[in-house]
Amino acid sequence: MASIVGYGGYIPKYRIKVEEIARVWNKDAEAIKKGLLVYEKSVPYLDEDTATIAVEAAKNALKRAQIDPKDIGAVYVGSESHPYAVKPTATIVAEAIDATPELTAADLEFACKAGTAGIQICMGLVDSGYIKYGLAIGADTAQGAPGDALEYTAAAGGAAYIIGKKGIADINETYSYTTDTPDFWRREGRPYPRHGGRFTGEPAYFKHVINAAKGLMEKVGTKPEDYDYCIFHQPNGKFYVRVAKKLGFKEEQYKLGLLSPYIGNTYSGAVPLALSHVLDNCEGGERILAVSYGSGAGSDAFDITVNKKIREVKDLAKRTSYYIENKEYIDYSLYVKFRKKIKM
């Protein structure tokens with residue numbers, strides 16, 4: 001059975017508040033915060049991108065895994081904001097952590113669920129005996145056009161998972177639900193994505209997350225009350241809470257994984273980061289349901305059982321809460337500069 005051997009997250013320290021973005025566009029900040037359940041978001045600095053975020057997360061995962069990086073046989077980086085259109089991020093990460101050259105590596109893209117797709121690939125390679133360890137990363141520096149609703153939520157961050165056997169948390173089962181639902185897209189050469197407004201909710205996000213969660217629970221024979229924690233993709237806090245309640249989960253089960261009100265939507269990093277935060281607070285014996293979502297559209301669901309080894313490793317690297325709490329606020333002018341929104 002595939003298991004999480006090591007994990008680690010990273011979130012840039014800079015933040016911009018919803019009030020500051022709303023001020024520039026003369027919008028009602030309180031209405032936006034209430035409607036999205038997002039108060040501020042993370043912003044990458046000028047020298048931060050998906051590659052640097054992925055490297056930092058991978059280093060934290062290695063600290064907890066306590067393995068030789070040369071034993072990693074596969075590296076997959078899932079993102080929709082890779083720094084190069086043609087040049088893999090995965091090779092940059094592998095070289096940076098000294099995992100090269102005897103490995104397979106690739107970049108993945110499936111909107112916000114590319115990171116969890118990487119975990120599934122690593123599970124298959126580990127279970128087949130093809131590799132000893134696989135590294136799967138979900139990271140993004142999400143884009144939002146000036147004045148667009150996405151500007152209030154599109155954030156930056158990521159998390160890395162080293163998959164092997166006999167680790168700190170067993171992945172009991174996984175289940176995916178996928179259709180061709182074009183709720184969100186970005187054409188080649190376009191700097192910002194477009195979205196289908198309200199269409200992104202019911203026929204897209206909720207349909208896929210709910211069906212993936214229900215499909216997994218039916219597959220393993222569980223009910224919501226069998227889980228200590230549940231985690232869902234969080235384009236905003238409102239969707240996250242709504243889908244948790246629709247599935248029958250209670251606040252004490254879903255609140256620990258709810259990070260978007262404080263860091264925004266980290267896209268491919270959203271579920272991996274939320275899972276890392278939950279793992280940081282586990283002592284062993286906890287059961288977790290985690291469900292990602294990627295526009296276009298699909299969801300990956302995981303049934304995970306944490307064991308007592310988590311106690312020995314969770315403080316070998318910075319906890320996700322460290323990155324959430326250590327922050328520096330910037331105004332809109334610096335935000336525009338950091339995100340290179342002014343085109344010459």
# chains A, B, ... in the order shown; residues from 1 in each chain; ligands from 1
$ closest_atom_pairs --of "region 103-211 of chain A" --to "region 20-41 of chain A" --cutoff "10 Å" --atoms "only C-alpha atoms" --output "Markdown table"
| residue | atom | partner | partner_atom | distance |
| --- | --- | --- | --- | --- |
| A:Pro146 | CA | A:Trp25 | CA | 9.0 |
| A:Gly147 | CA | A:Trp25 | CA | 6.4 |
| A:Asp148 | CA | A:Trp25 | CA | 9.7 |
| A:Ala149 | CA | A:Ile32 | CA | 9.2 |
| A:Glu151 | CA | A:Ile21 | CA | 7.8 |
| A:Tyr152 | CA | A:Ile21 | CA | 6.9 |
| A:Thr153 | CA | A:Lys41 | CA | 6.2 |
| A:Ala154 | CA | A:Lys41 | CA | 7.4 |
| A:Ala155 | CA | A:Lys41 | CA | 5.7 |
| A:Ala156 | CA | A:Lys41 | CA | 8.1 |
$ write_last_selection --atoms "C-alpha atoms" --output "PDB file, in the first residue's frame"
ATOM      1  CA  PRO A 146      -7.032  43.412 -12.876  1.00  0.00           C
ATOM      2  CA  GLY A 147     -10.580  44.102 -11.714  1.00  0.00           C
ATOM      3  CA  ASP A 148     -11.737  40.514 -12.222  1.00  0.00           C
ATOM      4  CA  ALA A 149     -13.383  38.569  -9.390  1.00  0.00           C
ATOM      5  CA  GLU A 151      -8.123  39.003  -8.287  1.00  0.00           C
ATOM      6  CA  TYR A 152      -9.522  38.723  -4.763  1.00  0.00           C
ATOM      7  CA  THR A 153      -8.604  35.040  -4.448  1.00  0.00           C
ATOM      8  CA  ALA A 154      -5.843  34.015  -6.909  1.00  0.00           C
ATOM      9  CA  ALA A 155      -2.885  33.341  -4.626  1.00  0.00           C
ATOM     10  CA  ALA A 156       0.471  31.557  -4.378  1.00  0.00           C
TER      11      ALA A 156
END
$ closest_atom_pairs --of "region 215-285 of chain A" --to "region 81-85 of chain A" --cutoff "12 Å" --atoms "only C-alpha atoms" --output "tab-separated table"
residue	atom	partner	partner_atom	distance
A:Thr266	CA	A:Ser81	CA	10.8
A:Tyr267	CA	A:Ser81	CA	9.5
A:Ser268	CA	A:Ser81	CA	9.3
A:Gly269	CA	A:Ser81	CA	11.3
$ residues_around --residues "Ile121 (chain A)" --least-positions-apart "3" --cutoff "9 Å" --atoms "only C-alpha atoms" --output "list in words"
Tyr76, Thr116, Ala117, Gly118, Gly124, Leu125, Val126, Gly134 and Ala136 of chain A
$ closest_residue --among "A:Thr141, A:Asn211, A:Thr320, A:Ser292" --to "Ser42 (chain A)" --atoms "only C-alpha atoms"
A:Thr141
$ closest_residue --among "A:Leu62, A:Ile16, A:Leu247, A:Ile92" --to "Ser333 (chain A)" --atoms "only C-alpha atoms"
A:Ile16
$ select_by_dssp --residues "region 26-251 of chain A" --states "alpha helix (DSSP H)" --output "number ranges by chain"
A: 29-36, 50-65, 89-96, 114-128, 207-220, 237-246, 251
$ closest_residue --among "A:Lys113, A:Lys318, A:Lys87, A:Lys219" --to "Val271 (chain A)" --atoms "only C-alpha atoms"
A:Lys113
$ atom_distance --atom1 "CA of Glu312 (chain A)" --atom2 "CA of Val55 (chain A)"
22.9 Å
$ closest_residue --among "A:Leu256, A:Ala142, A:Ile263, A:Ala90" --to "Arg15 (chain A)" --atoms "only C-alpha atoms"
A:Ile263
$ atom_distance --atom1 "CA of Pro191 (chain A)" --atom2 "CA of Ala114 (chain A)"
19.6 Å
